[in-house]
>>> print(open('target01.pdb').read())   # PDB, C-alpha atoms
ATOM      1  CA  MET A  98    -106.609  53.996 -71.172
ATOM      2  CA  ASP A  99    -103.467  52.208 -72.390
ATOM      3  CA  VAL A 100    -100.040  53.140 -71.048
ATOM      4  CA  GLY A 101     -98.942  54.728 -74.329
ATOM      5  CA  LYS A 102    -101.855  57.167 -74.231
ATOM      6  CA  ILE A 103    -101.247  57.815 -70.518
ATOM      7  CA  ILE A 104     -97.628  58.755 -71.250
ATOM      8  CA  SER A 105     -98.592  60.950 -74.219
ATOM      9  CA  ASN A 106    -101.327  62.815 -72.322
ATOM     10  CA  SER A 107     -99.137  63.220 -69.233
ATOM     11  CA  LEU A 108     -96.240  64.754 -71.158
ATOM     12  CA  LYS A 109     -98.606  67.244 -72.799
ATOM     13  CA  TYR A 110    -100.510  68.077 -69.619
ATOM     14  CA  PRO A 111     -98.325  70.807 -68.032
ATOM     15  CA  PHE A 112     -97.849  72.550 -71.389
ATOM     16  CA  ARG A 113    -101.590  72.581 -72.061
ATOM     17  CA  ASN A 114    -101.886  74.571 -68.827
ATOM     18  CA  ILE A 115     -98.858  76.809 -69.316
ATOM     19  CA  LYS A 116    -100.779  79.877 -68.071
ATOM     20  CA  LYS A 117    -101.699  78.183 -64.774
ATOM     21  CA  LEU A 118     -98.425  76.320 -64.256
ATOM     22  CA  PRO A 119     -96.943  79.324 -62.346
ATOM     23  CA  ILE A 120     -99.322  78.429 -59.462
ATOM     24  CA  LEU A 121     -97.258  75.281 -58.854
ATOM     25  CA  MET A 122     -94.004  77.061 -59.657
ATOM     26  CA  ILE A 123     -94.600  79.676 -56.967
ATOM     27  CA  LEU A 124     -94.982  76.930 -54.359
ATOM     28  CA  PHE A 125     -91.573  75.502 -55.229
ATOM     29  CA  ILE A 126     -89.984  78.964 -55.284
ATOM     30  CA  LEU A 127     -90.791  79.100 -51.561
ATOM     31  CA  VAL A 128     -88.058  76.504 -51.014
ATOM     32  CA  ALA A 129     -85.480  78.799 -52.625
ATOM     33  CA  ILE A 130     -85.984  81.729 -50.223
ATOM     34  CA  VAL A 131     -83.700  80.304 -47.503
ATOM     35  CA  PRO A 132     -80.717  79.753 -49.874
ATOM     36  CA  ILE A 133     -81.269  83.235 -51.332
ATOM     37  CA  GLY A 134     -81.231  84.717 -47.836
ATOM     38  CA  MET A 135     -78.013  82.854 -47.029
ATOM     39  CA  ILE A 136     -76.371  84.109 -50.221
ATOM     40  CA  LEU A 137     -77.470  87.661 -49.415
ATOM     41  CA  ASP A 138     -76.398  87.141 -45.786
ATOM     42  CA  ASN A 139     -79.744  88.573 -44.707
ATOM     43  CA  ARG A 140     -81.240  86.913 -41.633
ATOM     44  CA  TYR A 141     -84.667  88.464 -42.218
ATOM     45  CA  VAL A 142     -84.879  86.841 -45.630
ATOM     46  CA  VAL A 143     -83.743  83.552 -44.050
ATOM     47  CA  ILE A 144     -86.473  83.798 -41.386
ATOM     48  CA  CYS A 145     -89.076  84.488 -44.083
ATOM     49  CA  GLY A 146     -87.641  81.543 -46.002
ATOM     50  CA  VAL A 147     -88.052  79.195 -43.032
ATOM     51  CA  ILE A 148     -91.711  80.242 -42.692
ATOM     52  CA  ALA A 149     -92.175  79.833 -46.453
ATOM     53  CA  PHE A 150     -90.590  76.371 -46.298
ATOM     54  CA  PHE A 151     -93.081  75.220 -43.652
ATOM     55  CA  LEU A 152     -95.920  76.576 -45.806
ATOM     56  CA  PHE A 153     -94.501  74.592 -48.709
ATOM     57  CA  ILE A 154     -94.473  71.398 -46.630
ATOM     58  CA  LEU A 155     -98.052  71.982 -45.446
ATOM     59  CA  ILE A 156     -99.594  72.854 -48.805
ATOM     60  CA  THR A 157     -97.683  71.212 -51.656
ATOM     61  CA  PRO A 158     -98.212  67.457 -51.010
ATOM     62  CA  GLY A 159    -101.958  68.021 -50.641
ATOM     63  CA  TYR A 160    -102.059  70.240 -53.721
ATOM     64  CA  LEU A 161    -100.236  67.582 -55.766
ATOM     65  CA  LEU A 162    -102.973  65.121 -54.764
ATOM     66  CA  SER A 163    -105.313  67.353 -56.779
ATOM     67  CA  PHE A 164    -103.328  66.467 -59.905
ATOM     68  CA  VAL A 165    -103.987  62.779 -59.220
ATOM     69  CA  GLN A 166    -107.708  63.569 -58.874
ATOM     70  CA  ILE A 167    -107.683  65.482 -62.175
ATOM     71  CA  GLY A 168    -105.998  62.501 -63.841
ATOM     72  CA  LEU A 169    -108.586  60.144 -62.348
ATOM     73  CA  ASN A 170    -111.292  62.167 -64.087
ATOM     74  CA  GLU A 171    -109.236  62.120 -67.310
ATOM     75  CA  SER A 172    -109.540  65.889 -67.440
ATOM     76  CA  ALA A 173    -106.990  68.365 -68.813
ATOM     77  CA  MET A 174    -107.851  71.046 -66.238
ATOM     78  CA  PHE A 175    -105.280  72.506 -63.852
ATOM     79  CA  PRO A 176    -106.297  72.391 -60.162
ATOM     80  CA  SER A 177    -106.768  75.547 -58.146
ATOM     81  CA  LEU A 178    -105.193  76.098 -54.762
ATOM     82  CA  SER A 179    -107.468  75.484 -51.790
ATOM     83  CA  PHE A 180    -105.390  76.055 -48.667
ATOM     84  CA  THR A 181    -107.731  74.360 -46.197
ATOM     85  CA  GLN A 182    -108.310  71.288 -48.377
ATOM     86  CA  ASP A 183    -104.653  71.087 -49.459
ATOM     87  CA  ILE A 184    -103.384  71.200 -45.873
ATOM     88  CA  TYR A 185    -105.971  68.572 -44.887
ATOM     89  CA  ASN A 186    -104.828  66.332 -47.756
ATOM     90  CA  THR A 187    -101.187  66.878 -46.799
ATOM     91  CA  LEU A 188    -101.877  65.620 -43.282
ATOM     92  CA  ARG A 189    -103.617  62.535 -44.669
ATOM     93  CA  ILE A 190    -100.705  61.831 -47.016
ATOM     94  CA  PHE A 191     -98.323  62.244 -44.076
ATOM     95  CA  VAL A 192    -100.254  59.570 -42.149
ATOM     96  CA  LEU A 193    -100.178  57.315 -45.225
ATOM     97  CA  ARG A 194     -96.409  57.618 -45.524
ATOM     98  CA  ILE A 195     -95.843  56.854 -41.839
ATOM     99  CA  VAL A 196     -98.012  53.710 -41.981
ATOM    100  CA  TYR A 197     -96.587  52.399 -45.252
ATOM    101  CA  MET A 198     -93.001  52.999 -44.138
ATOM    102  CA  ILE A 199     -93.354  51.028 -40.879
ATOM    103  CA  VAL A 200     -92.366  47.729 -42.520
ATOM    104  CA  PRO A 201     -89.335  49.117 -44.442
ATOM    105  CA  ALA A 202     -88.156  50.837 -41.264
ATOM    106  CA  ALA A 203     -88.580  47.609 -39.267
ATOM    107  CA  VAL A 204     -86.674  45.619 -41.923
ATOM    108  CA  PHE A 205     -83.898  48.209 -41.847
ATOM    109  CA  PHE A 206     -83.435  48.038 -38.079
ATOM    110  CA  ILE A 207     -83.717  44.237 -37.983
ATOM    111  CA  SER A 208     -81.136  43.903 -40.777
ATOM    112  CA  LEU A 209     -78.886  46.406 -39.057
ATOM    113  CA  SER A 210     -79.143  44.641 -35.694
ATOM    114  CA  THR A 211     -78.634  41.098 -37.030
ATOM    115  CA  LEU A 212     -76.371  41.334 -40.051
ATOM    116  CA  GLY A 213     -74.706  44.467 -38.704
ATOM    117  CA  ILE A 214     -73.264  42.707 -35.633
ATOM    118  CA  SER A 215     -71.818  39.850 -37.681
ATOM    119  CA  SER A 216     -70.391  42.289 -40.230
ATOM    120  CA  ILE A 217     -68.588  44.204 -37.453
ATOM    121  CA  ASP A 218     -67.003  40.942 -36.285
ATOM    122  CA  MET A 219     -65.877  40.268 -39.854
ATOM    123  CA  LEU A 220     -64.374  43.723 -40.044
ATOM    124  CA  LYS A 221     -62.459  43.130 -36.809
ATOM    125  CA  ASP A 222     -61.128  39.859 -38.290
ATOM    126  CA  LEU A 223     -60.147  41.757 -41.452
ATOM    127  CA  ASN A 224     -62.593  39.674 -43.479
ATOM    128  CA  ILE A 225     -63.269  42.521 -45.911
ATOM    129  CA  ILE A 226     -64.984  40.379 -48.569
ATOM    130  CA  GLY A 227     -67.338  38.839 -45.987
ATOM    131  CA  PHE A 228     -68.049  42.297 -44.573
ATOM    132  CA  LEU A 229     -68.901  43.742 -48.004
ATOM    133  CA  LEU A 230     -71.104  40.759 -48.915
ATOM    134  CA  THR A 231     -72.989  40.900 -45.609
ATOM    135  CA  MET A 232     -73.584  44.647 -45.757
ATOM    136  CA  GLY A 233     -74.468  44.387 -49.446
ATOM    137  CA  LEU A 234     -77.071  41.723 -48.667
ATOM    138  CA  ALA A 235     -78.561  43.847 -45.876
ATOM    139  CA  LEU A 236     -78.784  46.918 -48.095
ATOM    140  CA  PHE A 237     -80.253  44.877 -50.945
ATOM    141  CA  ILE A 238     -83.000  43.461 -48.717
ATOM    142  CA  VAL A 239     -83.839  46.901 -47.323
ATOM    143  CA  LEU A 240     -83.871  48.434 -50.820
ATOM    144  CA  ILE A 241     -86.225  45.793 -52.250
ATOM    145  CA  VAL A 242     -88.656  46.102 -49.335
ATOM    146  CA  TYR A 243     -88.526  49.916 -49.553
ATOM    147  CA  ILE A 244     -89.248  49.915 -53.308
ATOM    148  CA  LEU A 245     -92.178  47.510 -52.884
ATOM    149  CA  PHE A 246     -93.788  49.642 -50.179
ATOM    150  CA  GLU A 247     -93.043  52.862 -52.066
ATOM    151  CA  VAL A 248     -95.009  51.433 -55.008
ATOM    152  CA  LEU A 249     -97.826  50.467 -52.621
ATOM    153  CA  LEU A 250     -97.733  54.019 -51.276
ATOM    154  CA  PHE A 251     -98.153  55.420 -54.814
ATOM    155  CA  PHE A 252    -101.386  53.496 -55.259
ATOM    156  CA  ALA A 253    -102.548  54.113 -51.694
ATOM    157  CA  LYS A 254    -102.239  57.806 -52.544
ATOM    158  CA  ALA A 255    -104.212  57.234 -55.755
ATOM    159  CA  ARG A 256    -106.856  55.330 -53.764
ATOM    160  CA  LEU A 257    -107.053  58.272 -51.366
ATOM    161  CA  ALA A 258    -107.655  60.607 -54.304
ATOM    162  CA  TYR A 259    -110.204  58.182 -55.797
ATOM    163  CA  LEU A 260    -112.304  57.441 -52.692
ATOM    164  CA  ASN A 261    -111.397  60.519 -50.624
ATOM    165  CA  SER A 262    -111.025  58.179 -47.647
ATOM    166  CA  LEU A 263    -107.911  57.793 -45.521
ATOM    167  CA  SER A 264    -109.232  54.602 -43.910
ATOM    168  CA  GLU A 265    -109.752  53.013 -47.350
ATOM    169  CA  SER A 266    -106.275  53.968 -48.531
ATOM    170  CA  LEU A 267    -104.794  52.379 -45.391
ATOM    171  CA  LYS A 268    -106.311  48.994 -46.308
ATOM    172  CA  MET A 269    -103.246  47.409 -47.858
ATOM    173  CA  HIS A 270    -105.107  44.367 -49.173
ATOM    174  CA  LYS A 271    -107.445  46.685 -51.095
ATOM    175  CA  VAL A 272    -104.479  48.583 -52.520
ATOM    176  CA  ILE A 273    -102.941  45.289 -53.662
ATOM    177  CA  LYS A 274    -106.276  44.362 -55.242
ATOM    178  CA  ASP A 275    -106.273  47.699 -57.073
ATOM    179  CA  ILE A 276    -102.804  46.948 -58.411
ATOM    180  CA  ARG A 277    -104.026  43.585 -59.734
ATOM    181  CA  ASN A 278    -107.019  45.267 -61.381
ATOM    182  CA  ILE A 279    -104.851  47.886 -63.064
ATOM    183  CA  GLY A 280    -102.459  45.155 -64.224
ATOM    184  CA  VAL A 281     -98.920  44.507 -63.045
ATOM    185  CA  GLY A 282     -97.709  44.766 -66.647
ATOM    186  CA  ASN A 283     -99.233  48.243 -67.037
ATOM    187  CA  ILE A 284     -97.704  49.350 -63.745
ATOM    188  CA  ILE A 285     -94.247  48.078 -64.748
ATOM    189  CA  LYS A 286     -94.509  49.998 -68.053
ATOM    190  CA  TRP A 287     -95.550  53.116 -66.124
ATOM    191  CA  LEU A 288     -92.656  52.736 -63.668
ATOM    192  CA  ILE A 289     -90.210  52.318 -66.579
ATOM    193  CA  PHE A 290     -91.589  55.510 -68.127
ATOM    194  CA  MET A 291     -91.184  57.367 -64.831
ATOM    195  CA  ALA A 292     -87.625  56.034 -64.425
ATOM    196  CA  ILE A 293     -86.672  57.188 -67.948
ATOM    197  CA  LEU A 294     -88.273  60.580 -67.266
ATOM    198  CA  MET A 295     -86.240  60.931 -64.052
ATOM    199  CA  ILE A 296     -83.004  59.976 -65.848
ATOM    200  CA  VAL A 297     -83.609  62.518 -68.620
ATOM    201  CA  ALA A 298     -84.594  65.166 -66.065
ATOM    202  CA  SER A 299     -81.463  64.462 -63.999
ATOM    203  CA  PHE A 300     -79.286  64.863 -67.092
ATOM    204  CA  VAL A 301     -80.929  68.175 -68.017
ATOM    205  CA  SER A 302     -80.862  69.342 -64.399
ATOM    206  CA  SER A 303     -77.124  68.743 -64.108
ATOM    207  CA  TRP A 304     -76.586  71.312 -66.864
ATOM    208  CA  VAL A 305     -79.157  73.756 -65.499
ATOM    209  CA  ILE A 306     -77.860  73.685 -61.914
ATOM    210  CA  ALA A 307     -74.367  74.409 -63.238
ATOM    211  CA  ILE A 308     -75.542  77.900 -64.236
ATOM    212  CA  PRO A 309     -74.264  80.230 -61.492
ATOM    213  CA  TYR A 310     -76.873  81.580 -59.063
ATOM    214  CA  VAL A 311     -79.971  81.220 -61.285
ATOM    215  CA  GLY A 312     -79.491  77.541 -62.170
ATOM    216  CA  PHE A 313     -80.840  76.288 -58.840
ATOM    217  CA  ILE A 314     -83.837  78.645 -59.073
ATOM    218  CA  ILE A 315     -84.660  77.421 -62.602
ATOM    219  CA  TYR A 316     -84.405  73.823 -61.387
ATOM    220  CA  LEU A 317     -86.754  74.445 -58.439
ATOM    221  CA  ALA A 318     -89.199  76.763 -60.167
ATOM    222  CA  ILE A 319     -89.513  75.117 -63.588
ATOM    223  CA  ILE A 320     -88.108  71.593 -63.883
ATOM    224  CA  ILE A 321     -89.443  70.101 -60.624
ATOM    225  CA  PRO A 322     -92.994  71.554 -60.987
ATOM    226  CA  ILE A 323     -93.238  70.169 -64.522
ATOM    227  CA  LEU A 324     -92.031  66.745 -63.372
ATOM    228  CA  GLU A 325     -94.406  66.703 -60.404
ATOM    229  CA  SER A 326     -97.393  67.662 -62.530
ATOM    230  CA  ILE A 327     -96.549  64.947 -65.085
ATOM    231  CA  GLY A 328     -95.932  62.271 -62.426
ATOM    232  CA  ASN A 329     -99.057  62.884 -60.340
ATOM    233  CA  TYR A 330    -101.325  63.405 -63.347
ATOM    234  CA  SER A 331    -100.059  60.184 -64.966
ATOM    235  CA  LEU A 332    -100.687  58.290 -61.702
ATOM    236  CA  GLY A 333    -104.299  59.493 -61.791
ATOM    237  CA  LEU A 334    -104.690  58.442 -65.432
ATOM    238  CA  LEU A 335    -103.225  55.022 -64.670
ATOM    239  CA  TYR A 336    -105.524  54.530 -61.693
ATOM    240  CA  SER A 337    -108.555  55.650 -63.717
ATOM    241  CA  ASN A 338    -108.408  52.247 -65.456
ATOM    242  CA  ILE A 339    -109.702  50.699 -62.246
ATOM    243  CA  ALA A 340    -113.128  52.296 -62.764
ATOM    244  CA  ASP A 341    -113.870  49.784 -65.508
ATOM    245  CA  LYS A 342    -112.745  46.828 -63.381
ATOM    246  CA  GLU A 343    -114.122  47.509 -59.907
ATOM    247  CA  ASP A 344    -116.793  45.137 -58.649
ATOM    248  CA  ASP A 345    -120.260  46.142 -57.415
ATOM    249  CA  LEU A 346    -119.178  46.165 -53.753
ATOM    250  CA  ASP A 347    -116.317  48.558 -54.514
ATOM    251  CA  LYS A 348    -118.710  50.804 -56.450
ATOM    252  CA  LEU A 349    -121.147  50.829 -53.529
ATOM    253  CA  GLU A 350    -118.339  51.646 -51.071
ATOM    254  CA  ARG A 351    -117.187  54.496 -53.295
ATOM    255  CA  GLU A 352    -120.700  55.928 -53.591
ATOM    256  CA  ILE A 353    -121.087  55.814 -49.787
ATOM    257  CA  GLU A 354    -117.763  57.634 -49.298
ATOM    258  CA  VAL A 355    -118.741  60.304 -51.856
ATOM    259  CA  ILE A 356    -122.117  60.839 -50.125
ATOM    260  CA  LYS A 357    -120.325  61.187 -46.756
ATOM    261  CA  TYR A 358    -117.893  63.693 -48.264
ATOM    262  CA  LEU A 359    -120.667  65.795 -49.821
ATOM    263  CA  ASN A 360    -122.552  65.884 -46.536
TER     264      ASN A 360
END
>>> encode(input="target01.pdb", output="structure tokens")
Amino acid sequence: MDVGKIISNSLKYPFRNIKKLPILMILFILVAIVPIGMILDNRYVVICGVIAFFLFILITPGYLLSFVQIGLNESAMFPSLSFTQDIYNTLRIFVLRIVYMIVPAAVFFISLSTLGISSIDMLKDLNIIGFLLTMGLALFIVLIVYILFEVLLFFAKARLAYLNSLSESLKMHKVIKDIRNIGVGNIIKWLIFMAILMIVASFVSSWVIAIPYVGFIIYLAIIIPILESIGNYSLGLLYSNIADKEDDLDKLEREIEVIKYLN
């Protein structure tokens, strides 16, 4: 599927399932209970909100993985909640994020410990330009490394949805191979689309959030769920292109993982 069709289908997806979209909306409303309790100055509502927030953290990431799986199958269905499976998937995604963020975290601390010391000396000597250049370089390096591994994490998540295997999604060289098979050009186009979508959403959100009291609720309960459904579904559609390019060994590995999962 070409990127243009992926974008078109993704933008239509949440509105084709407008009757089931409230399932996702309710999950994000859980986040709003604590602020509501604080506004009402009701500690019982706040306590319920804290519990609801932990439920949100446990369920939502795993549930969003279902949207990637739906996209992989190029289906227009809306996934149902499965608490056990969603929590299990959330834990696997949590492990993925920890592993894929090790390198960016290491680069951050190394940059901070090396360039940071020299920049402090520059600041003491009132070398403001040198200080700004040094800190700017450190931040630039950290940002580039973070973006690269965040992109890898996207496709590790898609690989997890595709093979239903945490160990396979942790194989970084396989994830990089998947990216090559999908096509760097296609991925860049997809990232540009996502960036434009985020910019437009941020512009709209700034007006929505400005509405007293209800603006924040509308943002959480409507705008974010729509964006999340579009983003995760489009990732699945993009990754579905790999099915036509995988070699026989990859197909065999996938069949083995599916058999293990079914058993």
>>> resolve_selection(input="target01.pdb", expression="the PyMOL selection byres ((chain A and resi 120-122) around 9)", output="VMD selection string")
chain A and resid 116 to 119 123 to 127 157 160 to 161 177 to 178 317 to 319 321 to 323 326
>>> atom_distance(input="target01.pdb", atom1="atom CA of Ser337 of chain A", atom2="atom CA of Ser299 of chain A")
28.5 Å
>>> closest_residue(input="target01.pdb", among="A:Ile339, A:Leu245, A:Val192, A:Ile226", to="Leu260 of chain A", atoms="only C-alpha atoms")
A:Ile339
>>> residues_around(input="target01.pdb", residues="Leu193 of chain A", least_positions_apart="3", cutoff="12 Å", atoms="only C-alpha atoms", output="PyMOL selection string")
chain A and resi 158+186-190+196-199+246-247+249-257+262-269
>>> closest_residue(input="target01.pdb", among="A:Leu240, A:Ala292, A:Val100, A:Val147", to="Met135 of chain A", atoms="all atoms listed in the file")
A:Val147
>>> closest_residue(input="target01.pdb", among="A:Ala235, A:Val281, A:Glu325, A:Val272", to="Leu294 of chain A", atoms="all atoms listed in the file")
A:Glu325
>>> residues_near_point(input="target01.pdb", point="(-83.1, 66.9, -68.8)", cutoff="12 Å", atoms="only C-alpha atoms", output="VMD selection string")
chain A and resid 293 to 306 316 319 to 321 323 to 324
>>> atom_distance(input="target01.pdb", atom1="atom CA of Ile327 of chain A", atom2="atom CA of Leu108 of chain A")
6.1 Å
>>> atom_distance(input="target01.pdb", atom1="atom CA of Met98 of chain A", atom2="atom CA of Arg277 of chain A")
15.7 Å
>>> residues_around(input="target01.pdb", residues="Ser163 of chain A", least_positions_apart="5", cutoff="9 Å", atoms="all atoms listed in the file", output="list in words")
Gly168, Phe175, Pro176, Ser177, Leu178, Asp183, Ala258, Asn329 and Tyr330 of chain A
>>> closest_residue(input="target01.pdb", among="A:Ser172, A:Phe180, A:Thr211, A:Asp138", to="Ile103 of chain A", atoms="only C-alpha atoms")
A:Ser172
>>> residues_around(input="target01.pdb", residues="Asp99 of chain A", least_positions_apart="2", cutoff="10 Å", atoms="all atoms listed in the file", output="PDB file with C-alpha atoms, in the coordinates of the input")
ATOM      1  CA  GLY A 101     -98.942  54.728 -74.329  1.00  0.00           C
ATOM      2  CA  LYS A 102    -101.855  57.167 -74.231  1.00  0.00           C
ATOM      3  CA  ILE A 103    -101.247  57.815 -70.518  1.00  0.00           C
ATOM      4  CA  ILE A 104     -97.628  58.755 -71.250  1.00  0.00           C
ATOM      5  CA  ASN A 283     -99.233  48.243 -67.037  1.00  0.00           C
ATOM      6  CA  LEU A 334    -104.690  58.442 -65.432  1.00  0.00           C
ATOM      7  CA  LEU A 335    -103.225  55.022 -64.670  1.00  0.00           C
ATOM      8  CA  ASN A 338    -108.408  52.247 -65.456  1.00  0.00           C
TER       9      ASN A 338
END
>>> axis_aligned_box(input="target01.pdb", around="segment 101-113 of chain A", padding_each_side="8 Å", output="JSON")
{"center_x": -99.0, "center_y": 63.7, "center_z": -71.2, "size_x": 21.6, "size_y": 33.9, "size_z": 22.3}
>>> closest_residue(input="target01.pdb", among="A:Ile184, A:Ile238, A:Ile315, A:Ile167", to="Ala203 of chain A", atoms="all atoms listed in the file")
A:Ile238
>>> resolve_selection(input="target01.pdb", expression="the PyMOL selection byres ((chain A and resi 150) around 12)", output="PyMOL selection string")
chain A and resi 123-132+142-149+151-157
>>> closest_residue(input="target01.pdb", among="A:Val248, A:Val311, A:Ile276, A:Met291", to="Ile136 of chain A", atoms="all atoms listed in the file")
A:Val311
